[in-house]
Amino acid sequence: MTGRVFLAFLVVLVATAAHAAAVKDVRSKMGSRFEITAVHDREAAAHEAVEAAWAEIDRLEAMISGWREDSETSAVNRSAGTRPVRVSPELFRLIRRAVKVSELTAGAFDLTFAGVGDLWDFRSGEPAVPGRERIAAALRHVGYRRIVLDEERGTVFLDDPGARIGFGAIGKGYAANRAVFVLKEHGVRGGLVSAGGDLVAFGRREDGEPWSIAIAHPRDPKRVLAQIPLTEQAVVTSGDYEQYFIHDGRRYSHIIDPRTGWPASGLQAVTVICPDAELADALATATFVLGPEEGLALLERMEGVEALFVTETGEVRSTSNIRRHLKQEDQG
Ligand code: ADP
Ligand code: MG
C-alpha cells in the first residue's frame with residue numbers, strides 16, 4: 001500500500017519535471033543585451049511571464065534613462081542648481097540606496113560621476129584624453145553630496161547647476177532584480193536574467209539541476225577562472241575590456257574615479273557575487289575604482305558578498321569563501 005502511494009507520488013514528480021518548459025528570450029534594453037530564461041510548468045505561462053518582465057524593464061528604462069527627455073531622471077538633471085524635483089517613491093529610494101553605496105565606498109561609486117565622465121568618450125573608440133584643466137573644472141560639479149534628498153517631500157535636488165546623475169553602474173542591476181521579482185510573481189519556478197552581463201539566477205533549471213556560471217578571464221574568455229553553482233544569487237562583473245581606448249600605451253576604460261576624474265586603474269576585472277543584483281552592480285563598479293587592495297578588504301568585510309579580482313598584472317585574487325570554486329592553478 002505504502003509502496004503504491006510512494007510510486008504514485010514519484011510518477012507525479014517525474015511528470016511535473018517532464019512538463020517543465022524553459023523559455024529563453026534575448027532583447028536589446030538599456031543599450032545592452034538582455035537575456036531572460038524562465039522555467040514554468042506551462043510554456044504559455046512562461047512566455048507571458050517573460051513578456052511581463054520585459055515590460056517591467058521598459059518601465060524602469062523610462063524612469064532612469066538620462067537621454068530620454070521625458071524621464072524623471074532628466075527632470076532632476078534639468079533642474080540642477082535651480083529647484084528640487086518631486087520624483088516617484090521608487091526613484092527616490094533607488095537614489096537613496098545609491099547614495100548609501102557612495103558612503104560605504106568613500107565616494108568610489110557616485111551617481112554624479114557623469115559631470116566629469118562625459119569628458120571621456122569610450123564609445124567612438126577614438127583615443128582622446130581630456131586636458132587636466134578641463135578635468136579639474138568638471139570635477140567641481142561632481143560629488144554625491146550634491147544630491148539633496150528630502151524624505152518628507154519626496155524631492156531630489158542637485159545643488160550645483162553643473163551636476164547631473166546617471167544610473168550606468170546600478171540601473172541594470174536594479175532592472176535584473178525587478179525582472180526576477182516579476183517572473184516569480186508570474187509563477188516562474190526557476191530563471192536566469194542577464195542584464196548586459198549582470199546575472200541573477202533563482203530556483204532551478206528545467207532539468208532540476210542548479211544554475212551554474214563560469215567566470216572567464218578578462219583577457220582570455222576561453223580560460224575559465226571559476227565555475228560557481230548559483231541559487232538565488234547575482235553575479236556582476238565590471239571590467240576594462242568592453243569600453244576602453246589605448247593611448248600612448250596606456251589603457252583608459254569607462255569606469256571613472258569620481259574623486260580624480262580619471263579612469264580607474266589597477267584591475268582588469270572584478271566579479272561580485274551576492275543575492276542582490278543592484279548591490280552587486282554598484283559594488284563591482286565601486287571596487288573597480290577602489291582597486292585590488294582596498295576593494296578586496298571592503299568586500300571581505302561585507303557579509304554575504306563574495307568577489308573575484310583579476311589585477312592589472314593578471315593576478316587572480318578572491319574573497320575567502322569562493323576560493324574553493326577557483327580552478328586549481330588560480331587557487332592560493
Ligand atoms: P557595465 O555597465 O559596462 O557593465 P558598470 O556596471 O561597471 O559596467 O558600469 C559602468 C558605467 O557606469 C559607465 O559606463 C558609466 O556610465 C558609469 N560609471 C562610471 N564610473 C562610475 C562611478 N565611479 N560611479 C558610478 N557610475 C560610474
Ligand atoms: Mg556596476
# chains A, B, ... in the order shown; residues from 1 in each chain; ligands from 1
call {"tool": "residues_around", "arguments": {"residues": "stretch 294-307 of chain A", "least_positions_apart": "3", "cutoff": "8 Å", "atoms": "only C-alpha atoms", "output": "list in words"}}
result
Val270, Thr271, Val272, Ile273, Cys274, Pro275, Ala286, Thr287, Phe288, Val289, Leu290, Gly291, Ser318, Thr319, Ser320, Asn321 and Ile322 of chain A
call {"tool": "write_last_selection", "arguments": {"atoms": "N, CA and C atoms", "output": "PDB file, in the first residue's frame"}}
result
ATOM      1  N   VAL A 270      36.573  42.860 -12.007  1.00  0.00           N
ATOM      2  CA  VAL A 270      36.129  42.386 -10.697  1.00  0.00           C
ATOM      3  C   VAL A 270      34.730  41.809 -10.858  1.00  0.00           C
ATOM      4  N   THR A 271      34.523  40.631 -10.261  1.00  0.00           N
ATOM      5  CA  THR A 271      33.211  39.984 -10.281  1.00  0.00           C
ATOM      6  C   THR A 271      32.694  39.929  -8.851  1.00  0.00           C
ATOM      7  N   VAL A 272      31.489  40.446  -8.643  1.00  0.00           N
ATOM      8  CA  VAL A 272      30.903  40.443  -7.298  1.00  0.00           C
ATOM      9  C   VAL A 272      29.722  39.480  -7.278  1.00  0.00           C
ATOM     10  N   ILE A 273      29.653  38.665  -6.241  1.00  0.00           N
ATOM     11  CA  ILE A 273      28.569  37.695  -6.098  1.00  0.00           C
ATOM     12  C   ILE A 273      27.849  37.945  -4.785  1.00  0.00           C
ATOM     13  N   CYS A 274      26.547  38.229  -4.863  1.00  0.00           N
ATOM     14  CA  CYS A 274      25.730  38.374  -3.652  1.00  0.00           C
ATOM     15  C   CYS A 274      24.272  38.241  -4.075  1.00  0.00           C
ATOM     16  N   PRO A 275      23.337  38.123  -3.135  1.00  0.00           N
ATOM     17  CA  PRO A 275      21.958  37.866  -3.538  1.00  0.00           C
ATOM     18  C   PRO A 275      21.286  39.024  -4.277  1.00  0.00           C
ATOM     19  N   ALA A 286      32.278  50.122  -7.892  1.00  0.00           N
ATOM     20  CA  ALA A 286      32.999  50.791  -6.802  1.00  0.00           C
ATOM     21  C   ALA A 286      34.338  50.127  -6.519  1.00  0.00           C
ATOM     22  N   THR A 287      34.358  48.785  -6.469  1.00  0.00           N
ATOM     23  CA  THR A 287      35.626  48.131  -6.141  1.00  0.00           C
ATOM     24  C   THR A 287      36.598  48.221  -7.313  1.00  0.00           C
ATOM     25  N   PHE A 288      36.051  48.343  -8.527  1.00  0.00           N
ATOM     26  CA  PHE A 288      36.931  48.561  -9.679  1.00  0.00           C
ATOM     27  C   PHE A 288      37.697  49.876  -9.485  1.00  0.00           C
ATOM     28  N   VAL A 289      37.006  50.861  -8.920  1.00  0.00           N
ATOM     29  CA  VAL A 289      37.642  52.158  -8.637  1.00  0.00           C
ATOM     30  C   VAL A 289      38.611  52.038  -7.457  1.00  0.00           C
ATOM     31  N   LEU A 290      38.179  51.340  -6.420  1.00  0.00           N
ATOM     32  CA  LEU A 290      38.994  51.251  -5.207  1.00  0.00           C
ATOM     33  C   LEU A 290      40.289  50.468  -5.430  1.00  0.00           C
ATOM     34  N   GLY A 291      40.266  49.537  -6.390  1.00  0.00           N
ATOM     35  CA  GLY A 291      41.467  48.758  -6.681  1.00  0.00           C
ATOM     36  C   GLY A 291      41.535  47.484  -5.858  1.00  0.00           C
ATOM     37  N   SER A 318      40.740  36.568  -4.589  1.00  0.00           N
ATOM     38  CA  SER A 318      39.314  36.436  -4.280  1.00  0.00           C
ATOM     39  C   SER A 318      39.057  36.530  -2.785  1.00  0.00           C
ATOM     40  N   THR A 319      37.788  36.738  -2.437  1.00  0.00           N
ATOM     41  CA  THR A 319      37.401  36.656  -1.038  1.00  0.00           C
ATOM     42  C   THR A 319      37.505  35.186  -0.627  1.00  0.00           C
ATOM     43  N   SER A 320      37.602  34.934   0.673  1.00  0.00           N
ATOM     44  CA  SER A 320      37.967  33.588   1.105  1.00  0.00           C
ATOM     45  C   SER A 320      36.925  32.517   0.767  1.00  0.00           C
ATOM     46  N   ASN A 321      35.632  32.873   0.841  1.00  0.00           N
ATOM     47  CA  ASN A 321      34.610  31.838   0.669  1.00  0.00           C
ATOM     48  C   ASN A 321      34.454  31.283  -0.739  1.00  0.00           C
ATOM     49  N   ILE A 322      34.953  31.972  -1.746  1.00  0.00           N
ATOM     50  CA  ILE A 322      34.796  31.372  -3.076  1.00  0.00           C
ATOM     51  C   ILE A 322      36.103  30.769  -3.588  1.00  0.00           C
TER      52      ILE A 322
END
call {"tool": "select_by_dssp", "arguments": {"residues": "stretch 54-269 of chain A", "states": "strand (DSSP E)", "output": "number ranges by chain"}}
result
A: 85-86, 147-150, 155-158, 190-195, 198-203, 211-217, 220-230, 233-239, 244-247, 250-253, 267-269
call {"tool": "residues_near_ligand", "arguments": {"ligand": "ligand 2", "cutoff": "8 Å", "atoms": "only C-alpha atoms and all ligand atoms", "output": "PyMOL selection string"}}
result
chain A and resi 168-170+172-173+236-238+280-286
call {"tool": "write_last_selection", "arguments": {"atoms": "all heavy atoms", "output": "PDB file, in the first residue's frame"}}
result
ATOM      1  N   GLY A 168      24.263  54.419 -14.935  1.00  0.00           N
ATOM      2  CA  GLY A 168      25.020  53.439 -15.727  1.00  0.00           C
ATOM      3  C   GLY A 168      25.601  52.287 -14.933  1.00  0.00           C
ATOM      4  O   GLY A 168      25.763  51.190 -15.456  1.00  0.00           O
ATOM      5  N   ALA A 169      25.895  52.514 -13.647  1.00  0.00           N
ATOM      6  CA  ALA A 169      26.583  51.480 -12.885  1.00  0.00           C
ATOM      7  C   ALA A 169      25.677  50.762 -11.892  1.00  0.00           C
ATOM      8  O   ALA A 169      26.147  49.943 -11.103  1.00  0.00           O
ATOM      9  CB  ALA A 169      27.776  52.092 -12.149  1.00  0.00           C
ATOM     10  N   ILE A 170      24.387  51.068 -11.916  1.00  0.00           N
ATOM     11  CA  ILE A 170      23.492  50.435 -10.941  1.00  0.00           C
ATOM     12  C   ILE A 170      22.132  50.087 -11.562  1.00  0.00           C
ATOM     13  O   ILE A 170      21.434  49.181 -11.095  1.00  0.00           O
ATOM     14  CB  ILE A 170      23.310  51.358  -9.700  1.00  0.00           C
ATOM     15  CG1 ILE A 170      22.622  50.638  -8.546  1.00  0.00           C
ATOM     16  CG2 ILE A 170      22.573  52.645 -10.057  1.00  0.00           C
ATOM     17  CD1 ILE A 170      22.630  51.416  -7.234  1.00  0.00           C
ATOM     18  N   LYS A 172      21.176  48.584 -14.400  1.00  0.00           N
ATOM     19  CA  LYS A 172      20.968  47.247 -14.950  1.00  0.00           C
ATOM     20  C   LYS A 172      20.790  46.227 -13.823  1.00  0.00           C
ATOM     21  O   LYS A 172      20.000  45.293 -13.939  1.00  0.00           O
ATOM     22  CB  LYS A 172      22.120  46.859 -15.878  1.00  0.00           C
ATOM     23  CG  LYS A 172      22.116  47.691 -17.165  1.00  0.00           C
ATOM     24  CD  LYS A 172      22.948  47.069 -18.250  1.00  0.00           C
ATOM     25  CE  LYS A 172      24.422  47.112 -17.969  1.00  0.00           C
ATOM     26  NZ  LYS A 172      25.016  48.464 -18.126  1.00  0.00           N
ATOM     27  N   GLY A 173      21.515  46.437 -12.744  1.00  0.00           N
ATOM     28  CA  GLY A 173      21.366  45.541 -11.590  1.00  0.00           C
ATOM     29  C   GLY A 173      19.976  45.648 -10.991  1.00  0.00           C
ATOM     30  O   GLY A 173      19.337  44.636 -10.669  1.00  0.00           O
ATOM     31  N   VAL A 236      27.935  39.811 -10.946  1.00  0.00           N
ATOM     32  CA  VAL A 236      28.109  41.007 -11.773  1.00  0.00           C
ATOM     33  C   VAL A 236      29.596  41.304 -11.960  1.00  0.00           C
ATOM     34  O   VAL A 236      30.352  41.333 -10.989  1.00  0.00           O
ATOM     35  CB  VAL A 236      27.419  42.228 -11.126  1.00  0.00           C
ATOM     36  CG1 VAL A 236      27.713  43.486 -11.932  1.00  0.00           C
ATOM     37  CG2 VAL A 236      25.920  42.003 -11.016  1.00  0.00           C
ATOM     38  N   THR A 237      29.982  41.529 -13.196  1.00  0.00           N
ATOM     39  CA  THR A 237      31.381  41.833 -13.481  1.00  0.00           C
ATOM     40  C   THR A 237      31.530  43.248 -14.036  1.00  0.00           C
ATOM     41  O   THR A 237      30.758  43.665 -14.894  1.00  0.00           O
ATOM     42  CB  THR A 237      31.952  40.822 -14.506  1.00  0.00           C
ATOM     43  OG1 THR A 237      31.866  39.513 -13.945  1.00  0.00           O
ATOM     44  CG2 THR A 237      33.406  41.134 -14.825  1.00  0.00           C
ATOM     45  N   SER A 238      32.487  43.971 -13.519  1.00  0.00           N
ATOM     46  CA  SER A 238      32.902  45.232 -14.125  1.00  0.00           C
ATOM     47  C   SER A 238      34.315  45.029 -14.634  1.00  0.00           C
ATOM     48  O   SER A 238      35.153  44.473 -13.927  1.00  0.00           O
ATOM     49  CB  SER A 238      32.903  46.366 -13.091  1.00  0.00           C
ATOM     50  OG  SER A 238      31.613  46.879 -12.930  1.00  0.00           O
ATOM     51  N   ALA A 280      25.294  44.243  -6.138  1.00  0.00           N
ATOM     52  CA  ALA A 280      26.449  43.642  -6.817  1.00  0.00           C
ATOM     53  C   ALA A 280      26.946  44.569  -7.926  1.00  0.00           C
ATOM     54  O   ALA A 280      28.157  44.773  -8.091  1.00  0.00           O
ATOM     55  CB  ALA A 280      26.076  42.276  -7.391  1.00  0.00           C
ATOM     56  N   ASP A 281      26.005  45.145  -8.679  1.00  0.00           N
ATOM     57  CA  ASP A 281      26.349  46.051  -9.778  1.00  0.00           C
ATOM     58  C   ASP A 281      27.130  47.259  -9.243  1.00  0.00           C
ATOM     59  O   ASP A 281      28.228  47.588  -9.715  1.00  0.00           O
ATOM     60  CB  ASP A 281      25.048  46.513 -10.465  1.00  0.00           C
ATOM     61  CG  ASP A 281      25.300  47.159 -11.816  1.00  0.00           C
ATOM     62  OD1 ASP A 281      26.459  47.210 -12.257  1.00  0.00           O
ATOM     63  OD2 ASP A 281      24.319  47.616 -12.443  1.00  0.00           O
ATOM     64  N   ALA A 282      26.560  47.903  -8.238  1.00  0.00           N
ATOM     65  CA  ALA A 282      27.201  49.093  -7.674  1.00  0.00           C
ATOM     66  C   ALA A 282      28.547  48.754  -7.042  1.00  0.00           C
ATOM     67  O   ALA A 282      29.527  49.489  -7.209  1.00  0.00           O
ATOM     68  CB  ALA A 282      26.274  49.741  -6.643  1.00  0.00           C
ATOM     69  N   LEU A 283      28.606  47.627  -6.338  1.00  0.00           N
ATOM     70  CA  LEU A 283      29.860  47.254  -5.672  1.00  0.00           C
ATOM     71  C   LEU A 283      30.954  46.876  -6.666  1.00  0.00           C
ATOM     72  O   LEU A 283      32.130  47.125  -6.424  1.00  0.00           O
ATOM     73  CB  LEU A 283      29.629  46.095  -4.690  1.00  0.00           C
ATOM     74  CG  LEU A 283      28.896  46.427  -3.397  1.00  0.00           C
ATOM     75  CD1 LEU A 283      28.699  45.164  -2.564  1.00  0.00           C
ATOM     76  CD2 LEU A 283      29.650  47.488  -2.580  1.00  0.00           C
ATOM     77  N   ALA A 284      30.542  46.262  -7.793  1.00  0.00           N
ATOM     78  CA  ALA A 284      31.541  45.889  -8.801  1.00  0.00           C
ATOM     79  C   ALA A 284      32.205  47.158  -9.353  1.00  0.00           C
ATOM     80  O   ALA A 284      33.422  47.242  -9.471  1.00  0.00           O
ATOM     81  CB  ALA A 284      30.904  45.079  -9.920  1.00  0.00           C
ATOM     82  N   THR A 285      31.387  48.152  -9.673  1.00  0.00           N
ATOM     83  CA  THR A 285      31.924  49.406 -10.180  1.00  0.00           C
ATOM     84  C   THR A 285      32.788  50.086  -9.112  1.00  0.00           C
ATOM     85  O   THR A 285      33.894  50.556  -9.388  1.00  0.00           O
ATOM     86  CB  THR A 285      30.777  50.343 -10.602  1.00  0.00           C
ATOM     87  OG1 THR A 285      29.930  49.637 -11.520  1.00  0.00           O
ATOM     88  CG2 THR A 285      31.306  51.594 -11.275  1.00  0.00           C
ATOM     89  N   ALA A 286      32.278  50.122  -7.892  1.00  0.00           N
ATOM     90  CA  ALA A 286      32.999  50.791  -6.802  1.00  0.00           C
ATOM     91  C   ALA A 286      34.338  50.127  -6.519  1.00  0.00           C
ATOM     92  O   ALA A 286      35.356  50.816  -6.378  1.00  0.00           O
ATOM     93  CB  ALA A 286      32.142  50.792  -5.539  1.00  0.00           C
TER      94      ALA A 286
END
call {"tool": "residues_around", "arguments": {"residues": "A:Ala201", "least_positions_apart": "2", "cutoff": "9 Å", "atoms": "only C-alpha atoms", "output": "VMD selection string"}}
result
chain A and resid 180 190 to 194 199 203 to 204 211 to 212 230 to 235
call {"tool": "select_by_dssp", "arguments": {"residues": "stretch 55-276 of chain A", "states": "helix (DSSP H, G or I)", "output": "MDAnalysis selection string"}}
result
chainID A and resid 55:64 72:78 89:104 111:117 132:139 144:146 171:185
call {"tool": "atom_distance", "arguments": {"atom1": "atom CA of A:His254", "atom2": "atom CA of A:Ala277"}}
result
20.1 Å
call {"tool": "residues_around", "arguments": {"residues": "A:Leu183", "least_positions_apart": "2", "cutoff": "12 Å", "atoms": "only C-alpha atoms", "output": "PyMOL selection string"}}
result
chain A and resi 23+36-40+45-57+176-181+185-193+200-203
call {"tool": "atom_distance", "arguments": {"atom1": "atom 20 (N, counted along the ligand's line) of ligand 1", "atom2": "atom CA of A:Arg93"}}
result
20.6 Å
call {"tool": "closest_residue", "arguments": {"among": "A:Ser253, A:Thr260, A:Ser71, A:Thr313", "to": "A:Gly115", "atoms": "only C-alpha atoms"}}
result
A:Thr260
call {"tool": "atom_distance", "arguments": {"atom1": "atom CA of A:Phe309", "atom2": "atom CA of A:Asp276"}}
result
18.9 Å
call {"tool": "closest_residue", "arguments": {"among": "A:Leu279, A:Ala137, A:Ile255, A:Ala269", "to": "A:Trp120", "atoms": "only C-alpha atoms"}}
result
A:Ile255
